[in-house]
Amino acid sequence: MRINQDIVLVDGAEFDSNVYLINNEIMVDCGSGVFFEETLEQMEHYGLKLGKIKKVIFTHCHFDHVGAAPLWKKKIKAKFFIHENDREALEKGIVGAEFFGESFEGFKVDGVVKEGDIIRTGSYSFQVLHTPGHSPGSIVLWEPEKGILVSGDTLFVDGWGRSDLPGGSKEKLMESLRRIKNLGDIQILLPGHGVPASKHNIYARDAIKKILEKIE
């Protein structure tokens with residue numbers, strides 16, 4: 001799905017995460033790898049060039065978002081990044097692959113992202129916000145000028161992420177959600193699973209409004 005002229009959503013098949021390509025330079029999450037060929041086919045369909053991808057940013061360390069990293073490492077020359085609080089889990093392979101009937105030996109990233117970092121590409125400047133709760137190192141990417149939130153598994157169009165997984169915290173998740181609620185006007189919500197939402201669509205606008213109202 002093309003979100004706009006610069007952002008493409010590669011839909012997650014079955015349990016897979018969504019994969020976002022921003023300006024064909026930044027990849028946010030990379031899927032589990034179980035449906036890797038389907039992901040490649042979608043990217044080709046949208047005319048995306050693997051050689052243009054410069055960075056892969058993981059919103060958190062769970063298998064459905066990071067499992068394909070070793071496959072991507074063989075395909076692209078990009079650098080891979082995750083928040084420091086999820087780095088050890090990713091590199092040691094503690095990502096919950098067994099819940100999906102899969103295995104994962106671990107993956108070493110090239111670096112970490114932290115609160116306040118700016119991810120720039122084209123006319124976009126995404127702020128890294130540390131939003132623990134779903135995992136210790138969960139992040140969202142916020143583009144304040146354009147009102148775009150890439151929310152990982154912290155916030156969805158119809159709810160928010162689980163906090164009952166290893167490393168999760170309901171208290172921290174609610175703190176993170178309150179922070180998101182106070183960001184300002186979210187024009188486009190790009191979650192880690194399911195459909196995105198844009199305020200240009202009246203139904204999506206109502207959905208964003210309702211979910212934010214549920215956050216206390």
# chains A, B, ... in the order shown; residues from 1 in each chain; ligands from 1
>>> select_by_dssp(residues="region 10-216 of chain A", states="strand (DSSP E or B)", output="PyMOL selection string")
chain A and resi 10+19-22+26-28+55-57+79-83+111-113+118-121+124-130+139-143+148-152+155-156+159-160+188-191+197-198
>>> residues_around(residues="Gly184 (chain A)", least_positions_apart="6", cutoff="12 Å", atoms="only C-alpha atoms", output="PyMOL selection string")
chain A and resi 142-149+178+209+212
>>> closest_residue(among="A:Lys49, A:Arg120, A:Arg2, A:Arg162", to="His62 (chain A)", atoms="only C-alpha atoms")
A:Arg162
>>> residues_around(residues="Gly96 (chain A)", least_positions_apart="6", cutoff="12 Å", atoms="only C-alpha atoms", output="ChimeraX atom specification")
/A:32,60-67,89-90,102-106,135,165-167
>>> residues_around(residues="Arg179 (chain A)", least_positions_apart="5", cutoff="10 Å", atoms="only C-alpha atoms", output="list in words")
Leu129, Thr131, Leu173, Met174, Gly184 and Ile215 of chain A
>>> closest_residue(among="A:Tyr124, A:Gly31, A:Thr59, A:Asp110", to="Phe80 (chain A)", atoms="only C-alpha atoms")
A:Asp110
